[in-house]
>>> print(open('query_13.txt').read())   # compact mmCIF, N, CA and C atoms
# COMPACT_ATOMS: atom_id res chain seq x y z
N MET A 1 -2.04 6.25 38.14
CA MET A 1 -3.37 5.75 37.81
C MET A 1 -3.22 4.56 36.86
N LYS A 2 -4.07 3.59 37.01
CA LYS A 2 -4.01 2.36 36.22
C LYS A 2 -4.45 2.61 34.77
N ALA A 3 -3.74 1.99 33.83
CA ALA A 3 -4.08 2.11 32.41
C ALA A 3 -5.42 1.43 32.13
N ILE A 4 -6.08 1.90 31.07
CA ILE A 4 -7.35 1.34 30.62
C ILE A 4 -7.11 0.60 29.31
N THR A 5 -7.69 -0.58 29.17
CA THR A 5 -7.55 -1.37 27.94
C THR A 5 -8.92 -1.63 27.35
N ILE A 6 -9.03 -1.41 26.04
CA ILE A 6 -10.25 -1.69 25.29
C ILE A 6 -9.88 -2.54 24.09
N THR A 7 -10.85 -3.23 23.51
CA THR A 7 -10.55 -4.11 22.39
C THR A 7 -11.75 -4.28 21.46
N THR A 8 -11.46 -4.68 20.24
CA THR A 8 -12.50 -5.04 19.29
C THR A 8 -11.93 -6.06 18.32
N GLU A 9 -12.81 -6.77 17.61
CA GLU A 9 -12.40 -7.71 16.57
C GLU A 9 -12.98 -7.24 15.26
N VAL A 10 -12.12 -7.12 14.24
CA VAL A 10 -12.53 -6.65 12.92
C VAL A 10 -12.42 -7.81 11.94
N LYS A 11 -13.51 -8.10 11.27
CA LYS A 11 -13.54 -9.22 10.33
C LYS A 11 -13.07 -8.76 8.95
N LYS A 12 -11.80 -8.41 8.86
CA LYS A 12 -11.15 -7.99 7.63
C LYS A 12 -9.69 -8.41 7.70
N PRO A 13 -9.02 -8.51 6.55
CA PRO A 13 -7.59 -8.85 6.57
C PRO A 13 -6.76 -7.74 7.22
N MET A 14 -5.61 -8.13 7.75
CA MET A 14 -4.73 -7.21 8.47
C MET A 14 -4.39 -5.95 7.66
N GLN A 15 -4.04 -6.11 6.39
CA GLN A 15 -3.65 -4.94 5.59
C GLN A 15 -4.76 -3.90 5.55
N LYS A 16 -6.00 -4.33 5.36
CA LYS A 16 -7.13 -3.41 5.30
C LYS A 16 -7.37 -2.74 6.66
N VAL A 17 -7.27 -3.52 7.73
CA VAL A 17 -7.46 -2.96 9.08
C VAL A 17 -6.39 -1.90 9.36
N TRP A 18 -5.15 -2.21 9.02
CA TRP A 18 -4.04 -1.27 9.24
C TRP A 18 -4.28 0.03 8.46
N GLU A 19 -4.65 -0.11 7.19
CA GLU A 19 -4.90 1.08 6.36
C GLU A 19 -6.03 1.92 6.94
N CYS A 20 -7.12 1.28 7.35
CA CYS A 20 -8.25 2.03 7.91
C CYS A 20 -7.87 2.74 9.21
N PHE A 21 -6.95 2.16 9.96
CA PHE A 21 -6.55 2.76 11.23
C PHE A 21 -5.54 3.89 11.06
N THR A 22 -4.76 3.85 9.98
CA THR A 22 -3.63 4.78 9.88
C THR A 22 -3.71 5.83 8.77
N LEU A 23 -4.52 5.61 7.74
CA LEU A 23 -4.58 6.58 6.64
C LEU A 23 -5.61 7.68 6.94
N PRO A 24 -5.21 8.95 6.81
CA PRO A 24 -6.12 10.05 7.12
C PRO A 24 -7.47 9.97 6.41
N LYS A 25 -7.51 9.52 5.14
CA LYS A 25 -8.78 9.45 4.42
C LYS A 25 -9.75 8.48 5.09
N HIS A 26 -9.23 7.52 5.84
CA HIS A 26 -10.09 6.60 6.59
C HIS A 26 -10.35 7.12 8.02
N ILE A 27 -9.33 7.67 8.66
CA ILE A 27 -9.47 8.16 10.04
C ILE A 27 -10.64 9.13 10.16
N THR A 28 -10.80 10.00 9.17
CA THR A 28 -11.87 11.00 9.22
C THR A 28 -13.26 10.35 9.15
N GLN A 29 -13.34 9.10 8.74
CA GLN A 29 -14.63 8.42 8.60
C GLN A 29 -15.11 7.72 9.87
N TRP A 30 -14.20 7.51 10.83
CA TRP A 30 -14.59 6.74 12.02
C TRP A 30 -14.18 7.36 13.36
N ASN A 31 -13.33 8.36 13.36
CA ASN A 31 -12.72 8.83 14.61
C ASN A 31 -13.59 9.81 15.38
N PHE A 32 -14.69 9.29 15.93
CA PHE A 32 -15.59 10.06 16.79
C PHE A 32 -16.44 9.07 17.57
N ALA A 33 -16.94 9.51 18.72
CA ALA A 33 -17.61 8.59 19.65
C ALA A 33 -19.11 8.45 19.42
N SER A 34 -19.73 9.41 18.72
CA SER A 34 -21.18 9.35 18.52
C SER A 34 -21.55 10.01 17.20
N PRO A 35 -22.75 9.71 16.68
CA PRO A 35 -23.16 10.24 15.38
C PRO A 35 -23.27 11.77 15.30
N ASP A 36 -23.35 12.44 16.45
CA ASP A 36 -23.45 13.89 16.42
C ASP A 36 -22.08 14.57 16.44
N TRP A 37 -21.01 13.76 16.31
CA TRP A 37 -19.64 14.27 16.21
C TRP A 37 -19.06 13.87 14.87
N ALA A 38 -17.97 14.52 14.49
CA ALA A 38 -17.29 14.22 13.22
C ALA A 38 -15.78 14.43 13.40
N CYS A 39 -15.04 13.93 12.43
CA CYS A 39 -13.60 14.15 12.37
C CYS A 39 -13.32 14.78 11.01
N PRO A 40 -13.42 16.12 10.92
CA PRO A 40 -13.32 16.78 9.61
C PRO A 40 -11.94 16.72 8.96
N ASN A 41 -10.88 16.55 9.75
CA ASN A 41 -9.57 16.41 9.12
C ASN A 41 -8.62 15.63 10.02
N ALA A 42 -7.63 15.03 9.37
CA ALA A 42 -6.63 14.23 10.08
C ALA A 42 -5.31 14.30 9.32
N THR A 43 -4.23 14.42 10.06
CA THR A 43 -2.89 14.28 9.48
C THR A 43 -2.20 13.19 10.26
N ASN A 44 -1.34 12.43 9.59
CA ASN A 44 -0.71 11.29 10.24
C ASN A 44 0.64 11.01 9.60
N ASP A 45 1.73 11.37 10.28
CA ASP A 45 3.09 11.11 9.81
C ASP A 45 3.55 9.82 10.50
N LEU A 46 3.26 8.70 9.87
CA LEU A 46 3.40 7.38 10.48
C LEU A 46 4.85 6.89 10.48
N LYS A 47 5.62 7.42 11.44
CA LYS A 47 7.01 7.00 11.63
C LYS A 47 7.41 7.37 13.05
N PRO A 48 8.41 6.68 13.63
CA PRO A 48 8.87 7.07 14.96
C PRO A 48 9.30 8.54 14.94
N GLY A 49 8.78 9.31 15.88
CA GLY A 49 9.03 10.75 15.93
C GLY A 49 8.04 11.54 15.09
N GLY A 50 7.22 10.85 14.28
CA GLY A 50 6.21 11.51 13.46
C GLY A 50 5.04 11.98 14.30
N LYS A 51 4.41 13.03 13.86
CA LYS A 51 3.29 13.61 14.60
C LYS A 51 1.97 13.30 13.89
N PHE A 52 0.90 13.26 14.69
CA PHE A 52 -0.44 13.11 14.14
C PHE A 52 -1.34 14.14 14.79
N SER A 53 -2.41 14.50 14.09
CA SER A 53 -3.42 15.39 14.65
C SER A 53 -4.74 15.07 13.99
N TRP A 54 -5.74 14.77 14.81
CA TRP A 54 -7.08 14.42 14.34
C TRP A 54 -8.06 15.39 14.97
N ARG A 55 -8.75 16.14 14.15
CA ARG A 55 -9.74 17.11 14.63
C ARG A 55 -11.04 16.38 14.93
N MET A 56 -11.57 16.58 16.13
CA MET A 56 -12.85 16.00 16.51
C MET A 56 -13.74 17.16 16.94
N GLU A 57 -14.95 17.20 16.37
CA GLU A 57 -15.84 18.29 16.76
C GLU A 57 -17.31 17.90 16.64
N ALA A 58 -18.12 18.56 17.45
CA ALA A 58 -19.56 18.34 17.39
C ALA A 58 -20.07 18.88 16.06
N LYS A 59 -20.99 18.16 15.43
CA LYS A 59 -21.53 18.58 14.13
C LYS A 59 -22.26 19.92 14.22
N ASP A 60 -22.79 20.25 15.40
CA ASP A 60 -23.50 21.52 15.54
C ASP A 60 -22.54 22.69 15.82
N GLY A 61 -21.23 22.42 15.86
CA GLY A 61 -20.24 23.47 16.05
C GLY A 61 -20.08 23.94 17.48
N SER A 62 -20.74 23.28 18.44
CA SER A 62 -20.72 23.76 19.82
C SER A 62 -19.39 23.51 20.53
N MET A 63 -18.62 22.53 20.09
CA MET A 63 -17.33 22.27 20.70
C MET A 63 -16.48 21.41 19.78
N GLY A 64 -15.17 21.37 20.08
CA GLY A 64 -14.27 20.55 19.30
C GLY A 64 -12.87 20.61 19.89
N PHE A 65 -12.02 19.69 19.46
CA PHE A 65 -10.65 19.68 19.95
C PHE A 65 -9.79 18.88 18.98
N ASP A 66 -8.48 19.11 19.08
CA ASP A 66 -7.52 18.34 18.30
C ASP A 66 -6.94 17.26 19.20
N PHE A 67 -6.98 16.03 18.72
CA PHE A 67 -6.35 14.90 19.40
C PHE A 67 -5.03 14.70 18.67
N SER A 68 -3.92 14.99 19.37
CA SER A 68 -2.64 14.95 18.68
C SER A 68 -1.55 14.41 19.58
N GLY A 69 -0.47 13.99 18.92
CA GLY A 69 0.65 13.44 19.66
C GLY A 69 1.78 13.05 18.73
N THR A 70 2.72 12.27 19.29
CA THR A 70 3.92 11.87 18.57
C THR A 70 4.14 10.38 18.73
N TYR A 71 4.43 9.72 17.62
CA TYR A 71 4.71 8.28 17.66
C TYR A 71 6.08 8.00 18.26
N SER A 72 6.15 6.99 19.12
CA SER A 72 7.44 6.55 19.67
C SER A 72 7.89 5.24 19.05
N GLU A 73 6.94 4.36 18.73
CA GLU A 73 7.27 3.07 18.11
C GLU A 73 6.22 2.71 17.07
N ILE A 74 6.67 2.15 15.95
CA ILE A 74 5.76 1.67 14.92
C ILE A 74 6.30 0.36 14.37
N TYR A 75 5.51 -0.68 14.51
CA TYR A 75 5.81 -1.98 13.92
C TYR A 75 4.62 -2.29 13.02
N PRO A 76 4.76 -2.02 11.69
CA PRO A 76 3.61 -2.17 10.79
C PRO A 76 2.88 -3.50 10.96
N TYR A 77 1.56 -3.40 10.99
CA TYR A 77 0.66 -4.55 11.12
C TYR A 77 0.76 -5.23 12.49
N ARG A 78 1.44 -4.61 13.46
CA ARG A 78 1.57 -5.22 14.79
C ARG A 78 1.33 -4.25 15.94
N LEU A 79 1.98 -3.07 15.90
CA LEU A 79 1.96 -2.21 17.08
C LEU A 79 2.20 -0.75 16.74
N LEU A 80 1.44 0.12 17.39
CA LEU A 80 1.66 1.56 17.39
C LEU A 80 1.79 2.00 18.84
N LYS A 81 2.80 2.82 19.12
CA LYS A 81 2.90 3.44 20.44
C LYS A 81 3.08 4.93 20.20
N TYR A 82 2.33 5.73 21.00
CA TYR A 82 2.46 7.17 20.86
C TYR A 82 2.22 7.86 22.19
N THR A 83 2.63 9.11 22.25
CA THR A 83 2.41 9.95 23.41
C THR A 83 1.49 11.08 22.98
N ILE A 84 0.36 11.20 23.68
CA ILE A 84 -0.58 12.29 23.42
C ILE A 84 0.08 13.59 23.89
N GLU A 85 -0.36 14.71 23.33
CA GLU A 85 0.21 16.01 23.68
C GLU A 85 0.27 16.28 25.18
N ASP A 86 -0.66 15.73 25.94
CA ASP A 86 -0.67 15.98 27.39
C ASP A 86 0.28 15.03 28.14
N GLY A 87 1.04 14.19 27.42
CA GLY A 87 2.04 13.33 28.05
C GLY A 87 1.60 11.90 28.32
N ARG A 88 0.33 11.60 28.09
CA ARG A 88 -0.14 10.23 28.34
C ARG A 88 0.30 9.28 27.23
N GLU A 89 0.61 8.05 27.63
CA GLU A 89 1.08 7.02 26.70
C GLU A 89 -0.08 6.16 26.22
N VAL A 90 -0.01 5.77 24.93
CA VAL A 90 -1.03 4.91 24.32
C VAL A 90 -0.32 3.85 23.49
N SER A 91 -0.84 2.61 23.55
CA SER A 91 -0.36 1.57 22.64
C SER A 91 -1.56 0.93 21.97
N VAL A 92 -1.37 0.57 20.69
CA VAL A 92 -2.41 -0.09 19.92
C VAL A 92 -1.79 -1.33 19.30
N LYS A 93 -2.31 -2.49 19.69
CA LYS A 93 -1.78 -3.77 19.23
C LYS A 93 -2.75 -4.38 18.23
N PHE A 94 -2.20 -4.96 17.16
CA PHE A 94 -2.98 -5.61 16.11
C PHE A 94 -2.56 -7.07 16.04
N GLU A 95 -3.51 -8.00 16.21
CA GLU A 95 -3.22 -9.43 16.17
C GLU A 95 -4.20 -10.11 15.22
N GLU A 96 -3.68 -10.86 14.26
CA GLU A 96 -4.54 -11.56 13.31
C GLU A 96 -4.81 -12.97 13.81
N SER A 97 -6.07 -13.39 13.72
CA SER A 97 -6.46 -14.71 14.18
C SER A 97 -7.71 -15.17 13.45
N ASN A 98 -7.61 -16.24 12.70
CA ASN A 98 -8.77 -16.84 12.01
C ASN A 98 -9.57 -15.85 11.17
N GLY A 99 -8.88 -15.05 10.36
CA GLY A 99 -9.57 -14.13 9.47
C GLY A 99 -10.09 -12.86 10.12
N THR A 100 -9.77 -12.65 11.38
CA THR A 100 -10.14 -11.39 12.04
C THR A 100 -8.88 -10.75 12.61
N VAL A 101 -8.98 -9.48 12.86
CA VAL A 101 -7.88 -8.76 13.50
C VAL A 101 -8.39 -8.24 14.84
N ILE A 102 -7.69 -8.61 15.89
CA ILE A 102 -8.01 -8.12 17.23
C ILE A 102 -7.20 -6.85 17.45
N VAL A 103 -7.91 -5.76 17.71
CA VAL A 103 -7.27 -4.46 17.96
C VAL A 103 -7.43 -4.17 19.45
N THR A 104 -6.30 -3.99 20.13
CA THR A 104 -6.31 -3.73 21.57
C THR A 104 -5.61 -2.41 21.84
N GLU A 105 -6.33 -1.48 22.44
CA GLU A 105 -5.76 -0.17 22.79
C GLU A 105 -5.61 -0.10 24.30
N THR A 106 -4.45 0.34 24.74
CA THR A 106 -4.21 0.58 26.16
C THR A 106 -3.75 2.03 26.31
N PHE A 107 -4.41 2.76 27.20
CA PHE A 107 -4.08 4.17 27.36
C PHE A 107 -4.09 4.58 28.83
N GLU A 108 -3.27 5.58 29.12
CA GLU A 108 -3.26 6.15 30.46
C GLU A 108 -4.42 7.14 30.55
N PRO A 109 -5.23 7.02 31.60
CA PRO A 109 -6.38 7.93 31.73
C PRO A 109 -5.96 9.34 32.10
N GLU A 110 -6.86 10.28 31.81
CA GLU A 110 -6.64 11.66 32.26
C GLU A 110 -7.37 11.85 33.58
N ASN A 111 -7.23 13.01 34.17
CA ASN A 111 -7.77 13.25 35.51
C ASN A 111 -9.11 13.97 35.54
N GLN A 112 -9.66 14.39 34.38
CA GLN A 112 -10.89 15.18 34.37
C GLN A 112 -12.15 14.34 34.43
N ASN A 113 -12.17 13.21 33.75
CA ASN A 113 -13.37 12.37 33.67
C ASN A 113 -13.14 11.06 34.41
N ASP A 114 -14.22 10.47 34.94
CA ASP A 114 -14.04 9.22 35.66
C ASP A 114 -13.62 8.11 34.68
N LEU A 115 -13.01 7.07 35.22
CA LEU A 115 -12.41 6.02 34.41
C LEU A 115 -13.43 5.33 33.51
N GLU A 116 -14.62 5.07 34.02
CA GLU A 116 -15.62 4.37 33.20
C GLU A 116 -16.07 5.23 32.02
N ARG A 117 -16.19 6.51 32.23
CA ARG A 117 -16.57 7.40 31.12
C ARG A 117 -15.48 7.41 30.05
N GLN A 118 -14.22 7.43 30.49
CA GLN A 118 -13.12 7.39 29.53
C GLN A 118 -13.11 6.07 28.76
N ARG A 119 -13.31 4.96 29.47
CA ARG A 119 -13.36 3.65 28.82
C ARG A 119 -14.49 3.62 27.79
N GLN A 120 -15.66 4.13 28.16
CA GLN A 120 -16.80 4.12 27.24
C GLN A 120 -16.55 4.99 26.01
N GLY A 121 -15.95 6.15 26.19
CA GLY A 121 -15.67 7.05 25.08
C GLY A 121 -14.67 6.45 24.09
N TRP A 122 -13.57 5.93 24.61
CA TRP A 122 -12.57 5.32 23.74
C TRP A 122 -13.14 4.06 23.08
N GLN A 123 -13.94 3.28 23.81
CA GLN A 123 -14.54 2.08 23.23
C GLN A 123 -15.52 2.45 22.12
N ALA A 124 -16.28 3.52 22.30
CA ALA A 124 -17.23 3.95 21.27
C ALA A 124 -16.49 4.31 19.98
N ILE A 125 -15.36 4.98 20.09
CA ILE A 125 -14.56 5.31 18.91
C ILE A 125 -14.03 4.03 18.26
N LEU A 126 -13.54 3.10 19.07
CA LEU A 126 -13.04 1.83 18.53
C LEU A 126 -14.17 1.03 17.89
N ASP A 127 -15.36 1.09 18.46
CA ASP A 127 -16.52 0.41 17.85
C ASP A 127 -16.86 1.04 16.49
N ASN A 128 -16.77 2.38 16.39
CA ASN A 128 -16.98 3.06 15.11
C ASN A 128 -15.93 2.59 14.10
N PHE A 129 -14.69 2.44 14.56
CA PHE A 129 -13.63 1.95 13.68
C PHE A 129 -14.00 0.58 13.12
N LYS A 130 -14.43 -0.33 13.97
CA LYS A 130 -14.81 -1.67 13.54
C LYS A 130 -15.91 -1.62 12.47
N ILE A 131 -16.96 -0.86 12.74
CA ILE A 131 -18.09 -0.74 11.81
C ILE A 131 -17.59 -0.22 10.47
N TYR A 132 -16.80 0.83 10.49
CA TYR A 132 -16.28 1.41 9.25
C TYR A 132 -15.36 0.44 8.52
N ALA A 133 -14.40 -0.14 9.22
CA ALA A 133 -13.42 -1.04 8.58
C ALA A 133 -14.09 -2.24 7.96
N GLU A 134 -15.13 -2.76 8.58
CA GLU A 134 -15.82 -3.93 8.03
C GLU A 134 -16.67 -3.58 6.81
N LYS A 135 -17.03 -2.31 6.65
CA LYS A 135 -17.81 -1.87 5.49
C LYS A 135 -16.94 -1.60 4.26
N VAL A 136 -15.70 -1.19 4.50
CA VAL A 136 -14.80 -0.81 3.40
C VAL A 136 -14.38 -2.07 2.64
N ALA A 137 -14.45 -2.00 1.32
CA ALA A 137 -14.12 -3.17 0.49
C ALA A 137 -12.64 -3.48 0.54
>>> encode(input="query_13.txt", output="structure tokens")
Amino acid sequence: MKAITITTEVKKPMQKVWECFTLPKHITQWNFASPDWACPNATNDLKPGGKFSWRMEAKDGSMGFDFSGTYSEIYPYRLLKYTIEDGREVSVKFEESNGTVIVTETFEPENQNDLERQRQGWQAILDNFKIYAEKVA
């Protein structure tokens, strides 16, 4: 199945964007697709072979899941590559240009939801990231 790519531009310096994307205290503030969801906890061992786990759940308690995996490559301020627990590969590229950081995520889709729904869900989370990162001083 063909990989899906999503992107956003964050009007903040690279160091701040990287911190917001990788530090658990920030991840819990943006890692959900809609206002009726939350990310109550996150762990992130940011090194090759390191594991991460981000809890995502509906605020009403009706459902939730852990999004987790293992990092394969980390180039600070440039690239993250990881494998989700189900075996799918993800890469996140960070490029600085004219005072903004372009964040591009490419991921292998799963087989349960149609491709457009997956693109919309991942894009909504990335849009939340942009909103949060641009608000943080």
>>> select_by_dssp(input="query_13.txt", residues="chain A", states="alpha helix (DSSP H)", output="mmCIF file with N, CA and C atoms, in the frame of the given file")
data_model
loop_
_atom_site.group_PDB
_atom_site.id
_atom_site.type_symbol
_atom_site.label_atom_id
_atom_site.label_comp_id
_atom_site.auth_asym_id
_atom_site.auth_seq_id
_atom_site.Cartn_x
_atom_site.Cartn_y
_atom_site.Cartn_z
ATOM 1 N N MET A 14 -5.610 -8.130 7.750
ATOM 2 C CA MET A 14 -4.730 -7.210 8.470
ATOM 3 C C MET A 14 -4.390 -5.950 7.660
ATOM 4 N N GLN A 15 -4.040 -6.110 6.390
ATOM 5 C CA GLN A 15 -3.650 -4.940 5.590
ATOM 6 C C GLN A 15 -4.760 -3.900 5.550
ATOM 7 N N LYS A 16 -6.000 -4.330 5.360
ATOM 8 C CA LYS A 16 -7.130 -3.410 5.300
ATOM 9 C C LYS A 16 -7.370 -2.740 6.660
ATOM 10 N N VAL A 17 -7.270 -3.520 7.730
ATOM 11 C CA VAL A 17 -7.460 -2.960 9.080
ATOM 12 C C VAL A 17 -6.390 -1.900 9.360
ATOM 13 N N TRP A 18 -5.150 -2.210 9.020
ATOM 14 C CA TRP A 18 -4.040 -1.270 9.240
ATOM 15 C C TRP A 18 -4.280 0.030 8.460
ATOM 16 N N GLU A 19 -4.650 -0.110 7.190
ATOM 17 C CA GLU A 19 -4.900 1.080 6.360
ATOM 18 C C GLU A 19 -6.030 1.920 6.940
ATOM 19 N N CYS A 20 -7.120 1.280 7.350
ATOM 20 C CA CYS A 20 -8.250 2.030 7.910
ATOM 21 C C CYS A 20 -7.870 2.740 9.210
ATOM 22 N N PHE A 21 -6.950 2.160 9.960
ATOM 23 C CA PHE A 21 -6.550 2.760 11.230
ATOM 24 C C PHE A 21 -5.540 3.890 11.060
ATOM 25 N N THR A 22 -4.760 3.850 9.980
ATOM 26 C CA THR A 22 -3.630 4.780 9.880
ATOM 27 C C THR A 22 -3.710 5.830 8.770
ATOM 28 N N PRO A 24 -5.210 8.950 6.810
ATOM 29 C CA PRO A 24 -6.120 10.050 7.120
ATOM 30 C C PRO A 24 -7.470 9.970 6.410
ATOM 31 N N LYS A 25 -7.510 9.520 5.140
ATOM 32 C CA LYS A 25 -8.780 9.450 4.420
ATOM 33 C C LYS A 25 -9.750 8.480 5.090
ATOM 34 N N HIS A 26 -9.230 7.520 5.840
ATOM 35 C CA HIS A 26 -10.090 6.600 6.590
ATOM 36 C C HIS A 26 -10.350 7.120 8.020
ATOM 37 N N ILE A 27 -9.330 7.670 8.660
ATOM 38 C CA ILE A 27 -9.470 8.160 10.040
ATOM 39 C C ILE A 27 -10.640 9.130 10.160
ATOM 40 N N THR A 28 -10.800 10.000 9.170
ATOM 41 C CA THR A 28 -11.870 11.000 9.220
ATOM 42 C C THR A 28 -13.260 10.350 9.150
ATOM 43 N N GLN A 29 -13.340 9.100 8.740
ATOM 44 C CA GLN A 29 -14.630 8.420 8.600
ATOM 45 C C GLN A 29 -15.110 7.720 9.870
ATOM 46 N N TRP A 30 -14.200 7.510 10.830
ATOM 47 C CA TRP A 30 -14.590 6.740 12.020
ATOM 48 C C TRP A 30 -14.180 7.360 13.360
ATOM 49 N N LEU A 115 -13.010 7.070 35.220
ATOM 50 C CA LEU A 115 -12.410 6.020 34.410
ATOM 51 C C LEU A 115 -13.430 5.330 33.510
ATOM 52 N N GLU A 116 -14.620 5.070 34.020
ATOM 53 C CA GLU A 116 -15.620 4.370 33.200
ATOM 54 C C GLU A 116 -16.070 5.230 32.020
ATOM 55 N N ARG A 117 -16.190 6.510 32.230
ATOM 56 C CA ARG A 117 -16.570 7.400 31.120
ATOM 57 C C ARG A 117 -15.480 7.410 30.050
ATOM 58 N N GLN A 118 -14.220 7.430 30.490
ATOM 59 C CA GLN A 118 -13.120 7.390 29.530
ATOM 60 C C GLN A 118 -13.110 6.070 28.760
ATOM 61 N N ARG A 119 -13.310 4.960 29.470
ATOM 62 C CA ARG A 119 -13.360 3.650 28.820
ATOM 63 C C ARG A 119 -14.490 3.620 27.790
ATOM 64 N N GLN A 120 -15.660 4.130 28.160
ATOM 65 C CA GLN A 120 -16.800 4.120 27.240
ATOM 66 C C GLN A 120 -16.550 4.990 26.010
ATOM 67 N N GLY A 121 -15.950 6.150 26.190
ATOM 68 C CA GLY A 121 -15.670 7.050 25.080
ATOM 69 C C GLY A 121 -14.670 6.450 24.090
ATOM 70 N N TRP A 122 -13.570 5.930 24.610
ATOM 71 C CA TRP A 122 -12.570 5.320 23.740
ATOM 72 C C TRP A 122 -13.140 4.060 23.080
ATOM 73 N N GLN A 123 -13.940 3.280 23.810
ATOM 74 C CA GLN A 123 -14.540 2.080 23.230
ATOM 75 C C GLN A 123 -15.520 2.450 22.120
ATOM 76 N N ALA A 124 -16.280 3.520 22.300
ATOM 77 C CA ALA A 124 -17.230 3.950 21.270
ATOM 78 C C ALA A 124 -16.490 4.310 19.980
ATOM 79 N N ILE A 125 -15.360 4.980 20.090
ATOM 80 C CA ILE A 125 -14.560 5.310 18.910
ATOM 81 C C ILE A 125 -14.030 4.030 18.260
ATOM 82 N N LEU A 126 -13.540 3.100 19.070
ATOM 83 C CA LEU A 126 -13.040 1.830 18.530
ATOM 84 C C LEU A 126 -14.170 1.030 17.890
ATOM 85 N N ASP A 127 -15.360 1.090 18.460
ATOM 86 C CA ASP A 127 -16.520 0.410 17.850
ATOM 87 C C ASP A 127 -16.860 1.040 16.490
ATOM 88 N N ASN A 128 -16.770 2.380 16.390
ATOM 89 C CA ASN A 128 -16.980 3.060 15.110
ATOM 90 C C ASN A 128 -15.930 2.590 14.100
ATOM 91 N N PHE A 129 -14.690 2.440 14.560
ATOM 92 C CA PHE A 129 -13.630 1.950 13.680
ATOM 93 C C PHE A 129 -14.000 0.580 13.120
ATOM 94 N N LYS A 130 -14.430 -0.330 13.970
ATOM 95 C CA LYS A 130 -14.810 -1.670 13.540
ATOM 96 C C LYS A 130 -15.910 -1.620 12.470
ATOM 97 N N ILE A 131 -16.960 -0.860 12.740
ATOM 98 C CA ILE A 131 -18.090 -0.740 11.810
ATOM 99 C C ILE A 131 -17.590 -0.220 10.470
ATOM 100 N N TYR A 132 -16.800 0.830 10.490
ATOM 101 C CA TYR A 132 -16.280 1.410 9.250
ATOM 102 C C TYR A 132 -15.360 0.440 8.520
ATOM 103 N N ALA A 133 -14.400 -0.140 9.220
ATOM 104 C CA ALA A 133 -13.420 -1.040 8.580
ATOM 105 C C ALA A 133 -14.090 -2.240 7.960
ATOM 106 N N GLU A 134 -15.130 -2.760 8.580
ATOM 107 C CA GLU A 134 -15.820 -3.930 8.030
ATOM 108 C C GLU A 134 -16.670 -3.580 6.810
ATOM 109 N N LYS A 135 -17.030 -2.310 6.650
ATOM 110 C CA LYS A 135 -17.810 -1.870 5.490
ATOM 111 C C LYS A 135 -16.940 -1.600 4.260
#
>>> residues_around(input="query_13.txt", residues="stretch 100-109 of chain A", least_positions_apart="3", cutoff="8 Å", atoms="only N, CA and C atoms", output="PyMOL selection string")
chain A and resi 1-14+17+87-97+112-115+118-119
>>> closest_residue(input="query_13.txt", among="A:Asp127, A:Asp86, A:Asp60, A:Glu134", to="A:Phe32", atoms="only C-alpha atoms")
A:Asp127
>>> closest_residue(input="query_13.txt", among="A:Ile84, A:Ala33, A:Cys20, A:Met56", to="A:Gln123", atoms="only N, CA and C atoms")
A:Ala33
>>> select_by_dssp(input="query_13.txt", residues="stretch 58-101 of chain A", states="strand (DSSP E or B)", output="ChimeraX atom specification")
/A:58,64-75,79-84,89-97,100-101
>>> closest_residue(input="query_13.txt", among="A:Pro76, A:Pro40, A:Pro35, A:Gly121", to="A:Trp54", atoms="all atoms listed in the file")
A:Pro40
>>> atom_distance(input="query_13.txt", atom1="atom N of A:Thr22", atom2="atom CA of A:Gly50")
13.8 Å
>>> atom_distance(input="query_13.txt", atom1="atom N of A:Gly49", atom2="atom CA of A:Glu73")
6.8 Å
>>> atom_distance(input="query_13.txt", atom1="atom CA of A:Gly69", atom2="atom C of A:Trp30")
17.2 Å
>>> decode(input="query_13.txt", residues="stretch 88-97 of chain A", atoms="N, CA and C atoms", output="PDB file, in the first residue's frame")
ATOM      1  N   ARG A  88       4.277  -0.824  11.105  1.00  0.00           N
ATOM      2  CA  ARG A  88       4.297   0.224  10.075  1.00  0.00           C
ATOM      3  C   ARG A  88       5.406   1.237  10.336  1.00  0.00           C
ATOM      4  N   GLU A  89       6.009   1.722   9.249  1.00  0.00           N
ATOM      5  CA  GLU A  89       7.115   2.677   9.329  1.00  0.00           C
ATOM      6  C   GLU A  89       6.596   4.103   9.212  1.00  0.00           C
ATOM      7  N   VAL A  90       7.237   5.010   9.979  1.00  0.00           N
ATOM      8  CA  VAL A  90       6.885   6.429   9.960  1.00  0.00           C
ATOM      9  C   VAL A  90       8.177   7.241   9.922  1.00  0.00           C
ATOM     10  N   SER A  91       8.180   8.321   9.132  1.00  0.00           N
ATOM     11  CA  SER A  91       9.293   9.272   9.181  1.00  0.00           C
ATOM     12  C   SER A  91       8.725  10.670   9.355  1.00  0.00           C
ATOM     13  N   VAL A  92       9.454  11.484  10.125  1.00  0.00           N
ATOM     14  CA  VAL A  92       9.059  12.870  10.363  1.00  0.00           C
ATOM     15  C   VAL A  92      10.274  13.733  10.057  1.00  0.00           C
ATOM     16  N   LYS A  93      10.121  14.590   9.045  1.00  0.00           N
ATOM     17  CA  LYS A  93      11.222  15.441   8.599  1.00  0.00           C
ATOM     18  C   LYS A  93      10.952  16.876   9.039  1.00  0.00           C
ATOM     19  N   PHE A  94      12.006  17.554   9.495  1.00  0.00           N
ATOM     20  CA  PHE A  94      11.929  18.944   9.947  1.00  0.00           C
ATOM     21  C   PHE A  94      12.863  19.776   9.077  1.00  0.00           C
ATOM     22  N   GLU A  95      12.333  20.806   8.404  1.00  0.00           N
ATOM     23  CA  GLU A  95      13.138  21.667   7.541  1.00  0.00           C
ATOM     24  C   GLU A  95      12.868  23.122   7.893  1.00  0.00           C
ATOM     25  N   GLU A  96      13.923  23.875   8.162  1.00  0.00           N
ATOM     26  CA  GLU A  96      13.765  25.287   8.506  1.00  0.00           C
ATOM     27  C   GLU A  96      13.893  26.131   7.250  1.00  0.00           C
ATOM     28  N   SER A  97      12.994  27.099   7.107  1.00  0.00           N
ATOM     29  CA  SER A  97      13.003  27.972   5.944  1.00  0.00           C
ATOM     30  C   SER A  97      12.337  29.301   6.277  1.00  0.00           C
TER      31      SER A  97
END
